[in-house]
$ cat input-v6.cif   # mmCIF, C-alpha atoms
data_structure
loop_
_atom_site.label_atom_id
_atom_site.label_comp_id
_atom_site.auth_asym_id
_atom_site.auth_seq_id
_atom_site.Cartn_x
_atom_site.Cartn_y
_atom_site.Cartn_z
CA MET Y 277 59.76 -166.10 57.18
CA TYR Y 278 63.26 -165.10 58.32
CA THR Y 279 62.37 -166.05 61.90
CA LEU Y 280 61.59 -169.58 60.73
CA PHE Y 281 64.78 -169.71 58.64
CA PHE Y 282 66.83 -168.50 61.60
CA ARG Y 283 65.29 -171.14 63.87
CA LEU Y 284 65.76 -174.00 61.42
CA VAL Y 285 69.13 -173.08 59.88
CA PHE Y 286 71.21 -170.30 61.43
CA ARG Y 287 70.44 -171.18 65.03
CA ARG Y 288 71.79 -174.69 64.47
CA MET Y 289 75.05 -173.38 63.01
CA ASP Y 290 78.08 -172.03 64.79
CA PRO Y 291 77.50 -168.23 64.97
CA GLU Y 292 80.77 -167.33 63.25
CA GLN Y 293 80.16 -169.90 60.52
CA ALA Y 294 76.66 -168.50 59.98
CA HIS Y 295 78.12 -164.99 59.78
CA HIS Y 296 80.53 -166.00 57.02
CA LEU Y 297 77.76 -167.83 55.15
CA ALA Y 298 75.51 -164.78 55.21
CA PHE Y 299 78.45 -162.66 54.11
CA ARG Y 300 79.03 -164.84 51.06
CA TRP Y 301 75.35 -164.64 50.06
CA ILE Y 302 75.39 -160.86 50.35
CA GLN Y 303 78.60 -160.56 48.32
CA ARG Y 304 77.29 -162.83 45.58
CA ALA Y 305 73.96 -161.03 45.32
CA VAL Y 306 75.53 -157.60 44.96
CA ARG Y 307 77.66 -158.79 42.03
CA VAL Y 308 74.56 -159.42 39.90
CA PRO Y 309 73.29 -156.05 38.58
CA VAL Y 310 69.63 -156.96 38.09
CA LEU Y 311 69.44 -158.84 41.39
CA ARG Y 312 71.08 -156.09 43.46
CA THR Y 313 68.79 -153.46 41.92
CA PHE Y 314 65.74 -155.54 42.80
CA ILE Y 315 66.94 -156.24 46.35
CA ALA Y 316 67.74 -152.59 46.98
CA ALA Y 317 64.32 -151.54 45.67
CA VAL Y 318 62.63 -153.92 48.09
CA LEU Y 319 64.84 -153.58 51.15
CA ALA Y 320 66.12 -150.02 50.86
CA PRO Y 321 63.22 -147.73 49.89
CA ARG Y 322 64.07 -144.06 50.39
CA TYR Y 323 62.10 -141.59 52.50
CA LYS Y 324 62.80 -137.94 51.71
CA GLU Y 325 61.91 -136.89 55.23
CA LEU Y 326 64.71 -139.04 56.64
CA ARG Y 327 67.50 -137.40 54.64
CA THR Y 328 70.28 -136.56 57.05
CA GLU Y 329 73.32 -134.30 57.04
CA ALA Y 330 76.09 -135.30 59.41
CA LEU Y 331 79.88 -135.22 59.51
CA GLY Y 332 79.92 -133.20 56.30
CA ARG Y 333 77.97 -135.86 54.42
CA ARG Y 334 74.45 -136.09 53.02
CA MET Y 335 72.88 -139.47 53.72
CA HIS Y 336 69.61 -141.10 52.72
CA GLY Y 337 68.81 -141.57 56.39
CA PRO Y 338 70.32 -141.80 59.87
CA PHE Y 339 70.57 -145.58 60.25
CA GLY Y 340 73.94 -147.23 59.70
CA LEU Y 341 75.80 -150.48 60.22
CA ALA Y 342 77.99 -150.48 63.32
CA ALA Y 343 81.62 -151.58 63.19
CA GLY Y 344 82.31 -155.26 63.72
CA PHE Y 345 80.19 -156.78 60.98
CA ASP Y 346 82.36 -155.86 57.98
CA LYS Y 347 85.83 -155.84 59.49
CA ASN Y 348 87.76 -155.86 56.21
CA ALA Y 349 85.69 -153.62 53.91
CA VAL Y 350 84.50 -156.48 51.72
CA ALA Y 351 80.73 -155.94 51.85
CA ILE Y 352 80.11 -152.18 51.80
CA ASP Y 353 77.94 -152.31 48.69
CA GLY Y 354 76.16 -155.39 49.95
CA MET Y 355 75.19 -153.78 53.25
CA THR Y 356 74.11 -150.63 51.42
CA MET Y 357 71.95 -152.83 49.18
CA LEU Y 358 70.24 -154.12 52.34
CA GLY Y 359 69.34 -150.59 53.37
CA PHE Y 360 72.04 -149.23 55.68
CA ASP Y 361 72.51 -145.49 55.18
CA HIS Y 362 76.16 -145.61 56.18
CA VAL Y 363 78.59 -148.44 56.80
CA GLU Y 364 81.33 -148.37 59.42
CA ILE Y 365 84.02 -150.92 58.62
CA GLY Y 366 86.54 -152.38 61.05
CA THR Y 367 87.82 -152.47 63.65
CA VAL Y 368 91.08 -152.35 61.65
CA THR Y 369 94.50 -152.59 63.30
CA ALA Y 370 97.90 -151.56 61.97
CA GLN Y 371 99.06 -155.19 61.79
CA ALA Y 372 97.01 -158.08 60.48
CA GLN Y 373 95.93 -160.40 63.27
CA PRO Y 374 93.84 -163.57 63.55
CA GLY Y 375 91.99 -162.51 66.68
CA ASN Y 376 91.29 -164.69 69.67
CA PRO Y 377 90.99 -168.49 69.51
CA LYS Y 378 87.65 -169.95 68.48
CA LYS Y 379 84.96 -170.38 69.78
CA ARG Y 380 84.60 -166.62 70.22
CA LEU Y 381 81.07 -165.64 69.21
CA PHE Y 382 77.95 -166.70 71.13
CA ARG Y 383 74.23 -166.12 70.66
CA LEU Y 384 72.01 -165.41 73.66
CA VAL Y 385 68.79 -166.04 71.77
CA PRO Y 386 66.27 -165.52 74.62
CA ASP Y 387 67.91 -162.16 75.33
CA ARG Y 388 68.31 -161.16 71.67
CA ALA Y 389 71.98 -160.59 72.41
CA LEU Y 390 75.49 -161.63 71.38
CA ILE Y 391 78.72 -162.14 73.28
CA ASN Y 392 81.89 -161.78 71.28
CA ARG Y 393 85.56 -161.98 72.08
CA MET Y 394 86.72 -161.80 68.47
CA GLY Y 395 89.81 -159.76 69.34
CA PHE Y 396 89.98 -157.43 66.33
CA ASN Y 397 90.51 -160.20 63.76
CA ASN Y 398 91.27 -158.35 60.50
CA ASP Y 399 93.58 -158.17 57.50
CA GLY Y 400 95.51 -155.15 58.77
CA SER Y 401 95.33 -151.51 57.72
CA ALA Y 402 97.60 -151.86 54.68
CA SER Y 403 95.41 -154.55 53.10
CA VAL Y 404 92.16 -152.80 54.00
CA ALA Y 405 93.48 -149.51 52.60
CA ALA Y 406 94.37 -151.23 49.33
CA ARG Y 407 90.90 -152.76 49.16
CA LEU Y 408 89.23 -149.39 49.74
CA ALA Y 409 91.47 -147.73 47.15
CA ALA Y 410 90.51 -150.33 44.54
CA ARG Y 411 86.82 -150.20 45.34
CA ASN Y 412 84.44 -149.32 42.50
CA PRO Y 413 81.19 -148.60 44.37
CA VAL Y 414 77.87 -149.52 42.84
CA PHE Y 415 75.86 -147.69 45.53
CA ARG Y 416 76.56 -144.26 46.99
CA THR Y 417 77.08 -144.43 50.71
CA THR Y 418 79.10 -143.01 53.59
CA VAL Y 419 81.97 -145.16 54.77
CA GLY Y 420 83.34 -144.85 58.28
CA VAL Y 421 86.64 -146.48 59.20
CA ASN Y 422 87.06 -147.74 62.76
CA ILE Y 423 90.66 -148.24 63.95
CA GLY Y 424 92.02 -149.99 67.02
CA LYS Y 425 95.26 -151.11 68.66
CA THR Y 426 97.17 -154.15 67.47
CA LYS Y 427 97.14 -156.71 70.29
CA VAL Y 428 100.91 -157.33 70.37
CA VAL Y 429 101.72 -153.63 70.54
CA PRO Y 430 102.34 -152.52 74.14
CA GLU Y 431 100.13 -149.81 75.59
CA GLU Y 432 102.97 -147.29 75.67
CA GLU Y 433 103.34 -147.65 71.89
CA ALA Y 434 99.62 -147.42 71.14
CA VAL Y 435 99.75 -143.89 69.74
CA GLY Y 436 102.19 -144.87 67.01
CA ASP Y 437 100.08 -147.91 66.17
CA TYR Y 438 96.94 -145.80 65.68
CA VAL Y 439 98.92 -143.21 63.69
CA THR Y 440 100.12 -145.91 61.28
CA SER Y 441 96.54 -146.99 60.58
CA THR Y 442 95.45 -143.37 60.25
CA GLU Y 443 98.13 -142.62 57.67
CA ARG Y 444 97.02 -145.62 55.61
CA LEU Y 445 93.26 -145.29 55.93
CA ALA Y 446 92.30 -141.65 56.44
CA GLN Y 447 92.24 -140.81 52.73
CA HIS Y 448 89.66 -143.57 52.16
CA ALA Y 449 87.42 -142.64 55.11
CA ASP Y 450 84.38 -140.38 55.07
CA TYR Y 451 84.90 -140.35 58.82
CA LEU Y 452 87.43 -141.98 61.14
CA VAL Y 453 86.72 -143.61 64.51
CA VAL Y 454 89.23 -144.24 67.28
CA ASN Y 455 88.08 -147.37 69.10
CA VAL Y 456 89.37 -147.46 72.68
CA SER Y 457 86.43 -149.34 74.14
CA SER Y 458 86.51 -152.98 73.04
CA PRO Y 459 86.92 -155.30 76.03
CA ASN Y 460 88.68 -157.94 73.94
CA THR Y 461 92.13 -156.35 73.54
CA PRO Y 462 94.07 -156.31 76.83
CA GLY Y 463 94.67 -152.78 78.11
CA LEU Y 464 92.67 -151.10 75.36
CA ARG Y 465 90.03 -149.62 77.65
CA ASN Y 466 92.77 -147.97 79.70
CA LEU Y 467 93.15 -145.58 76.76
CA GLN Y 468 89.72 -144.09 77.58
CA ALA Y 469 91.28 -142.30 80.54
CA VAL Y 470 91.62 -138.66 79.55
CA ASP Y 471 95.37 -138.55 80.27
CA HIS Y 472 95.89 -141.30 77.69
CA LEU Y 473 93.11 -140.27 75.34
CA ARG Y 474 94.23 -136.66 74.83
CA PRO Y 475 97.65 -137.45 73.25
CA LEU Y 476 96.14 -140.32 71.26
CA LEU Y 477 93.36 -138.25 69.70
CA THR Y 478 95.73 -135.32 69.13
CA ALA Y 479 98.19 -137.56 67.28
CA VAL Y 480 95.47 -139.18 65.16
CA ARG Y 481 94.03 -135.76 64.28
CA GLU Y 482 97.46 -134.49 63.22
CA ALA Y 483 98.14 -137.65 61.20
CA ALA Y 484 94.81 -137.37 59.39
CA ASP Y 485 95.43 -133.71 58.56
CA ARG Y 486 98.97 -134.45 57.43
CA THR Y 487 97.85 -137.33 55.22
CA VAL Y 488 94.70 -135.80 53.71
CA THR Y 489 95.26 -132.19 52.72
CA ASP Y 490 92.31 -131.52 50.41
CA ARG Y 491 89.58 -132.00 53.05
CA ARG Y 492 89.10 -132.48 56.76
CA VAL Y 493 88.42 -136.07 57.75
CA PRO Y 494 85.91 -136.07 60.64
CA LEU Y 495 87.29 -137.79 63.74
CA LEU Y 496 85.20 -139.55 66.38
CA VAL Y 497 85.88 -141.67 69.45
CA LYS Y 498 83.88 -144.74 70.51
CA ILE Y 499 83.36 -145.27 74.22
CA ALA Y 500 82.19 -148.11 76.45
CA PRO Y 501 78.89 -148.25 78.33
CA ASP Y 502 80.83 -149.32 81.42
CA LEU Y 503 82.44 -145.93 82.01
CA ALA Y 504 81.53 -144.16 85.23
CA ASP Y 505 79.46 -141.02 84.79
CA ALA Y 506 82.38 -138.79 85.76
CA ASP Y 507 84.53 -140.43 83.08
CA ILE Y 508 81.80 -139.93 80.48
CA ASP Y 509 81.75 -136.24 81.36
CA ALA Y 510 85.54 -136.08 81.09
CA VAL Y 511 85.52 -137.65 77.62
CA ALA Y 512 82.75 -135.27 76.54
CA ASP Y 513 84.72 -132.25 77.76
CA LEU Y 514 87.87 -133.52 76.06
CA ALA Y 515 86.01 -134.02 72.76
CA VAL Y 516 84.85 -130.40 72.85
CA GLU Y 517 88.29 -129.16 73.90
CA LEU Y 518 90.04 -130.96 71.02
CA GLY Y 519 87.42 -130.03 68.44
CA LEU Y 520 86.48 -133.66 67.90
CA ASP Y 521 83.69 -134.21 65.40
CA GLY Y 522 81.76 -136.79 67.36
CA ILE Y 523 81.37 -139.53 69.94
CA ILE Y 524 79.89 -142.98 69.37
CA ALA Y 525 77.96 -144.31 72.36
CA THR Y 526 78.37 -147.15 73.02
CA ASN Y 527 80.45 -150.27 72.48
CA THR Y 528 79.74 -153.66 74.04
CA THR Y 529 79.55 -154.18 77.81
CA ILE Y 530 81.37 -156.51 80.19
CA ALA Y 531 78.44 -156.26 82.62
CA ARG Y 532 76.20 -159.27 83.18
CA GLU Y 533 74.41 -159.28 86.55
CA SER Y 534 72.62 -155.94 86.10
CA LEU Y 535 71.17 -156.79 82.69
CA GLY Y 536 68.43 -159.24 83.67
CA LEU Y 537 69.68 -161.95 81.33
CA THR Y 538 67.54 -165.07 80.96
CA SER Y 539 69.85 -167.21 78.81
CA ASP Y 540 71.75 -170.23 80.13
CA PRO Y 541 74.10 -168.98 82.91
CA LYS Y 542 76.96 -171.00 81.41
CA LEU Y 543 76.50 -169.03 78.20
CA THR Y 544 76.13 -165.63 79.83
CA ALA Y 545 79.33 -166.32 81.80
CA GLU Y 546 81.39 -166.43 78.60
CA THR Y 547 83.98 -163.67 78.58
CA GLY Y 548 83.79 -160.91 76.01
CA GLY Y 549 81.63 -157.95 75.13
CA LEU Y 550 77.87 -158.32 75.26
CA SER Y 551 75.77 -156.50 72.68
CA GLY Y 552 72.11 -156.43 71.72
CA ALA Y 553 68.88 -155.70 73.53
CA PRO Y 554 70.21 -155.89 77.12
CA VAL Y 555 72.59 -152.99 76.45
CA LYS Y 556 69.80 -150.65 75.35
CA GLU Y 557 69.06 -148.85 78.60
CA ARG Y 558 72.67 -148.13 79.58
CA SER Y 559 73.60 -147.02 76.07
CA LEU Y 560 70.65 -144.64 76.10
CA GLU Y 561 71.70 -143.30 79.51
CA VAL Y 562 75.22 -142.63 78.25
CA LEU Y 563 73.88 -140.88 75.16
CA ARG Y 564 71.60 -138.66 77.22
CA ARG Y 565 74.46 -137.73 79.51
CA LEU Y 566 76.71 -136.89 76.58
CA TYR Y 567 74.11 -134.68 74.91
CA ALA Y 568 73.40 -132.87 78.17
CA ARG Y 569 77.13 -132.15 78.31
CA VAL Y 570 77.95 -131.25 74.70
CA GLY Y 571 74.60 -130.29 73.14
CA ASP Y 572 74.83 -129.61 69.43
CA ARG Y 573 78.54 -128.84 69.47
CA ILE Y 574 79.55 -132.29 68.25
CA THR Y 575 77.78 -135.15 66.48
CA LEU Y 576 76.61 -138.06 68.61
CA ILE Y 577 76.01 -141.53 67.20
CA GLY Y 578 73.77 -143.84 69.21
CA VAL Y 579 74.45 -147.57 69.10
CA GLY Y 580 73.77 -150.47 71.43
CA GLY Y 581 70.56 -152.44 71.74
CA ILE Y 582 68.71 -150.80 68.86
CA THR Y 583 66.18 -153.33 67.57
CA THR Y 584 63.07 -151.38 66.55
CA ALA Y 585 62.23 -148.07 64.95
CA GLU Y 586 61.08 -146.90 68.38
CA ASP Y 587 64.54 -147.67 69.78
CA ALA Y 588 66.13 -145.60 67.01
CA TRP Y 589 63.61 -142.77 67.51
CA GLN Y 590 64.38 -142.63 71.23
CA ARG Y 591 68.10 -142.27 70.46
CA ILE Y 592 67.38 -139.38 68.12
CA LEU Y 593 65.22 -137.61 70.69
CA ALA Y 594 68.00 -138.20 73.24
CA GLY Y 595 70.57 -136.47 71.04
CA ALA Y 596 71.83 -138.85 68.35
CA THR Y 597 72.12 -137.44 64.84
CA LEU Y 598 72.97 -140.92 63.56
CA VAL Y 599 72.10 -144.36 64.92
CA GLN Y 600 73.72 -147.71 64.24
CA GLY Y 601 72.90 -151.36 64.68
CA TYR Y 602 74.48 -154.76 64.30
CA SER Y 603 73.36 -157.47 66.74
CA ALA Y 604 69.65 -157.15 65.96
CA PHE Y 605 70.42 -157.74 62.28
CA ILE Y 606 71.29 -161.33 63.20
CA TYR Y 607 67.85 -161.83 64.73
CA GLU Y 608 65.68 -159.59 62.54
CA GLY Y 609 67.10 -160.47 59.14
CA PRO Y 610 67.27 -158.68 55.78
CA PHE Y 611 64.03 -156.70 56.18
CA TRP Y 612 65.35 -154.99 59.32
CA CYS Y 613 66.53 -151.74 57.71
CA ARG Y 614 63.26 -151.44 55.79
CA ALA Y 615 61.29 -151.72 59.04
CA ILE Y 616 63.51 -149.18 60.81
CA HIS Y 617 63.17 -146.63 58.02
CA LYS Y 618 59.42 -147.10 57.65
CA GLY Y 619 58.91 -146.76 61.40
CA LEU Y 620 61.13 -143.70 61.71
CA ALA Y 621 59.35 -141.96 58.84
CA ALA Y 622 55.97 -142.67 60.47
CA ARG Y 623 57.15 -141.36 63.83
CA LEU Y 624 58.51 -138.18 62.29
CA ARG Y 625 55.27 -137.54 60.41
CA ASN Y 626 53.29 -137.98 63.62
CA SER Y 627 55.62 -135.80 65.67
CA PRO Y 628 55.67 -132.02 66.16
CA TYR Y 629 59.03 -131.79 64.37
CA ALA Y 630 59.29 -130.52 60.80
CA THR Y 631 62.55 -132.35 60.09
CA LEU Y 632 64.56 -135.17 61.56
CA ALA Y 633 67.22 -132.63 62.54
CA ASP Y 634 64.63 -130.81 64.64
CA ALA Y 635 64.01 -134.03 66.58
CA VAL Y 636 67.66 -134.51 67.55
CA GLY Y 637 67.95 -133.86 71.28
CA ALA Y 638 64.34 -132.72 71.47
CA GLU Y 639 63.69 -134.38 74.82
CA HIS Y 640 66.37 -132.19 76.41
CA LYS Y 641 64.91 -129.02 74.91
CA THR Y 642 61.44 -129.93 76.18
CA GLU Y 643 62.82 -130.51 79.68
CA ASN Y 644 64.61 -127.17 79.60
CA LYS Y 645 61.39 -125.38 78.59
CA GLU Y 646 59.52 -127.03 81.43
CA VAL Y 647 62.21 -126.00 83.92
CA THR Y 648 62.18 -122.42 82.62
CA ALA Y 649 58.40 -122.23 82.79
#

$ encode --input "input-v6.cif" --output "structure tokens"
Amino acid sequence: MYTLFFRLVFRRMDPEQAHHLAFRWIQRAVRVPVLRTFIAAVLAPRYKELRTEALGRRMHGPFGLAAGFDKNAVAIDGMTMLGFDHVEIGTVTAQAQPGNPKKRLFRLVPDRALINRMGFNNDGSASVAARLAARNPVFRTTVGVNIGKTKVVPEEEAVGDYVTSTERLAQHADYLVVNVSSPNTPGLRNLQAVDHLRPLLTAVREAADRTVTDRRVPLLVKIAPDLADADIDAVADLAVELGLDGIIATNTTIARESLGLTSDPKLTAETGGLSGAPVKERSLEVLRRLYARVGDRITLIGVGGITTAEDAWQRILAGATLVQGYSAFIYEGPFWCRAIHKGLAARLRNSPYATLADAVGAEHKTENKEVTA
């Protein structure tokens, strides 16, 4: 049914306009108590076997909404109503900014992918912090806050920019993510280099601890799939060295030629980060490399090209405690989370693992046993 609706309605609309329309529907539905209860019962059934503990939080399951969909923390309850086990808002910058000129979001329908060059359009960390402070949640969920660099701030002043957002937002975050991997802010990806990343993460960690004294706010970093393997290893080692709580792998890619895209070449040539199904293999490779490097010492979150329950299951076996999605939601529709949860529960029941936690990184442990034998 949703496939037909997408073909007849959403596909004919500008992607950003369709996004805002869907957002309004979600926000309106969650304001009606009887309606939101009914929708949650249908779209967000709970499976006890999927209960997950990560980043100091207990969650109904491992599947969350990746950053980028709810940039300004206006639809947390709505996305929880649709079945997401955690919601990562943002990316939020210290200063409000309109983002890049439109048109800046493109659908690659044959490839089940998106290209975006949104440019961190958001209300700014002060406004988002005020919104989170005033929030009266109707559903219990875990809220991650993803922060990035304001475009007009020069690279040499990036640390102070991130610290400002941290001081405003950390107290409202169940976990905090430093985004240094979007391709749509000039110079941002340079901050992934360890020499730049170490002082940045250290400053954010100190700011979070200084601002929130009654608990430790988990801190993660989100990396790009375009990093060379040696750079992935360096980030992994740095995360362990600094006592980081986790790594999110991965953001969007600037690659095109290696992805086997079948959409119109004029469309695939649009600048920006590509997300969705074509990113799946590289994101999985990065995740596997990270887990081989860090093991169970930090939490890994797998994101990028997750469309089916099998995709999510493969990320868990590769080392992800949590998984996230976004692009496939555009194509799969409101029953997507339900299908992911149902499929994950079935795979766990048919697996040799007693709990979902036992399955995390299991493919590495099996390989090690085979090597030892």

$ resolve_selection --input "input-v6.cif" --expression "the PyMOL selection byres ((chain Y and resi 594) around 12)" --output "number ranges by chain"
Y: 525, 557, 559-568, 571-572, 576-578, 587-593, 595-599, 634-643

$ closest_atom_pairs --input "input-v6.cif" --of "segment 292-377 of chain Y" --to "segment 481-500 of chain Y" --cutoff "10 Å" --atoms "only C-alpha atoms" --output "tab-separated table"
residue	atom	partner	partner_atom	distance
Y:Ala330	CA	Y:Pro494	CA	9.9
Y:Leu331	CA	Y:Pro494	CA	6.2
Y:Gly332	CA	Y:Pro494	CA	7.9

$ closest_residue --input "input-v6.cif" --among "Y:Leu624, Y:Ala434, Y:Ala389, Y:Val555" --to "Ala531 of chain Y" --atoms "all atoms listed in the file"
Y:Val555

$ closest_atom_pairs --input "input-v6.cif" --of "segment 447-504 of chain Y" --to "segment 428-432 of chain Y" --cutoff "10 Å" --atoms "all atoms listed in the file" --output "CSV"
residue,atom,partner,partner_atom,distance
Y:Thr461,CA,Y:Val428,CA,9.4
Y:Pro462,CA,Y:Glu431,CA,9.0
Y:Gly463,CA,Y:Glu431,CA,6.7
Y:Leu464,CA,Y:Glu431,CA,7.6
Y:Asn466,CA,Y:Glu431,CA,8.6
Y:Leu467,CA,Y:Glu431,CA,8.2
Y:His472,CA,Y:Glu432,CA,9.5

$ residues_near_point --input "input-v6.cif" --point "(78.2, -160.8, 45.9)" --cutoff "12 Å" --atoms "all atoms listed in the file" --output "short mmCIF file (atom, residue, chain, number, x, y, z; two decimals) with C-alpha atoms, in the frame of the given file"
data_model
loop_
_atom_site.label_atom_id
_atom_site.label_comp_id
_atom_site.auth_asym_id
_atom_site.auth_seq_id
_atom_site.Cartn_x
_atom_site.Cartn_y
_atom_site.Cartn_z
CA LEU Y 297 77.76 -167.83 55.15
CA ALA Y 298 75.51 -164.78 55.21
CA PHE Y 299 78.45 -162.66 54.11
CA ARG Y 300 79.03 -164.84 51.06
CA TRP Y 301 75.35 -164.64 50.06
CA ILE Y 302 75.39 -160.86 50.35
CA GLN Y 303 78.60 -160.56 48.32
CA ARG Y 304 77.29 -162.83 45.58
CA ALA Y 305 73.96 -161.03 45.32
CA VAL Y 306 75.53 -157.60 44.96
CA ARG Y 307 77.66 -158.79 42.03
CA VAL Y 308 74.56 -159.42 39.90
CA PRO Y 309 73.29 -156.05 38.58
CA LEU Y 311 69.44 -158.84 41.39
CA ARG Y 312 71.08 -156.09 43.46
CA VAL Y 350 84.50 -156.48 51.72
CA ALA Y 351 80.73 -155.94 51.85
CA ILE Y 352 80.11 -152.18 51.80
CA ASP Y 353 77.94 -152.31 48.69
CA GLY Y 354 76.16 -155.39 49.95
CA MET Y 355 75.19 -153.78 53.25
CA MET Y 357 71.95 -152.83 49.18
CA VAL Y 414 77.87 -149.52 42.84
#

$ closest_residue --input "input-v6.cif" --among "Y:Leu514, Y:Leu408, Y:Val419, Y:Ala294" --to "Asp361 of chain Y" --atoms "only C-alpha atoms"
Y:Val419

$ residues_around --input "input-v6.cif" --residues "segment 401-404 of chain Y" --least-positions-apart "5" --cutoff "7 Å" --atoms "all atoms listed in the file" --output "PyMOL selection string"
chain Y and resi 348-349+368-371+441+444-445

$ write_last_selection --input "input-v6.cif" --atoms "C-alpha atoms" --output "PDB file, keeping the file's coordinate frame"
ATOM      1  CA  ASN Y 348      87.760-155.860  56.210  1.00  0.00           C
ATOM      2  CA  ALA Y 349      85.690-153.620  53.910  1.00  0.00           C
ATOM      3  CA  VAL Y 368      91.080-152.350  61.650  1.00  0.00           C
ATOM      4  CA  THR Y 369      94.500-152.590  63.300  1.00  0.00           C
ATOM      5  CA  ALA Y 370      97.900-151.560  61.970  1.00  0.00           C
ATOM      6  CA  GLN Y 371      99.060-155.190  61.790  1.00  0.00           C
ATOM      7  CA  SER Y 441      96.540-146.990  60.580  1.00  0.00           C
ATOM      8  CA  ARG Y 444      97.020-145.620  55.610  1.00  0.00           C
ATOM      9  CA  LEU Y 445      93.260-145.290  55.930  1.00  0.00           C
TER      10      LEU Y 445
END

$ build_atoms --input "input-v6.cif" --residues "segment 412-423 of chain Y" --atoms "N, CA, C and O atoms" --output "PDB file, in the coordinates of the input"
ATOM      1  N   ASN Y 412      85.235-150.001  43.521  1.00  0.00           N
ATOM      2  CA  ASN Y 412      84.440-149.320  42.500  1.00  0.00           C
ATOM      3  C   ASN Y 412      82.980-149.417  42.940  1.00  0.00           C
ATOM      4  O   ASN Y 412      82.276-150.369  42.583  1.00  0.00           O
ATOM      5  N   PRO Y 413      82.505-148.468  43.740  1.00  0.00           N
ATOM      6  CA  PRO Y 413      81.190-148.600  44.370  1.00  0.00           C
ATOM      7  C   PRO Y 413      80.048-148.627  43.367  1.00  0.00           C
ATOM      8  O   PRO Y 413      80.050-147.907  42.376  1.00  0.00           O
ATOM      9  N   VAL Y 414      79.060-149.479  43.670  1.00  0.00           N
ATOM     10  CA  VAL Y 414      77.870-149.520  42.840  1.00  0.00           C
ATOM     11  C   VAL Y 414      76.708-148.777  43.516  1.00  0.00           C
ATOM     12  O   VAL Y 414      75.702-148.493  42.865  1.00  0.00           O
ATOM     13  N   PHE Y 415      76.838-148.490  44.809  1.00  0.00           N
ATOM     14  CA  PHE Y 415      75.860-147.690  45.530  1.00  0.00           C
ATOM     15  C   PHE Y 415      76.590-146.557  46.255  1.00  0.00           C
ATOM     16  O   PHE Y 415      77.672-146.759  46.803  1.00  0.00           O
ATOM     17  N   ARG Y 416      75.981-145.377  46.258  1.00  0.00           N
ATOM     18  CA  ARG Y 416      76.560-144.260  46.990  1.00  0.00           C
ATOM     19  C   ARG Y 416      76.261-144.427  48.476  1.00  0.00           C
ATOM     20  O   ARG Y 416      75.124-144.636  48.867  1.00  0.00           O
ATOM     21  N   THR Y 417      77.290-144.349  49.275  1.00  0.00           N
ATOM     22  CA  THR Y 417      77.080-144.430  50.710  1.00  0.00           C
ATOM     23  C   THR Y 417      78.213-143.729  51.443  1.00  0.00           C
ATOM     24  O   THR Y 417      79.199-143.301  50.831  1.00  0.00           O
ATOM     25  N   THR Y 418      78.069-143.587  52.732  1.00  0.00           N
ATOM     26  CA  THR Y 418      79.100-143.010  53.590  1.00  0.00           C
ATOM     27  C   THR Y 418      79.831-144.146  54.279  1.00  0.00           C
ATOM     28  O   THR Y 418      79.206-145.042  54.851  1.00  0.00           O
ATOM     29  N   VAL Y 419      81.153-144.100  54.209  1.00  0.00           N
ATOM     30  CA  VAL Y 419      81.970-145.160  54.770  1.00  0.00           C
ATOM     31  C   VAL Y 419      82.791-144.630  55.946  1.00  0.00           C
ATOM     32  O   VAL Y 419      83.633-143.742  55.777  1.00  0.00           O
ATOM     33  N   GLY Y 420      82.519-145.152  57.117  1.00  0.00           N
ATOM     34  CA  GLY Y 420      83.340-144.850  58.280  1.00  0.00           C
ATOM     35  C   GLY Y 420      84.394-145.922  58.451  1.00  0.00           C
ATOM     36  O   GLY Y 420      84.174-147.085  58.110  1.00  0.00           O
ATOM     37  N   VAL Y 421      85.552-145.532  58.968  1.00  0.00           N
ATOM     38  CA  VAL Y 421      86.640-146.480  59.200  1.00  0.00           C
ATOM     39  C   VAL Y 421      86.995-146.446  60.681  1.00  0.00           C
ATOM     40  O   VAL Y 421      87.379-145.413  61.216  1.00  0.00           O
ATOM     41  N   ASN Y 422      86.838-147.597  61.322  1.00  0.00           N
ATOM     42  CA  ASN Y 422      87.060-147.740  62.760  1.00  0.00           C
ATOM     43  C   ASN Y 422      88.417-148.388  62.982  1.00  0.00           C
ATOM     44  O   ASN Y 422      88.684-149.475  62.466  1.00  0.00           O
ATOM     45  N   ILE Y 423      89.306-147.733  63.745  1.00  0.00           N
ATOM     46  CA  ILE Y 423      90.660-148.240  63.950  1.00  0.00           C
ATOM     47  C   ILE Y 423      90.895-148.546  65.436  1.00  0.00           C
ATOM     48  O   ILE Y 423      90.351-147.884  66.317  1.00  0.00           O
TER      49      ILE Y 423
END
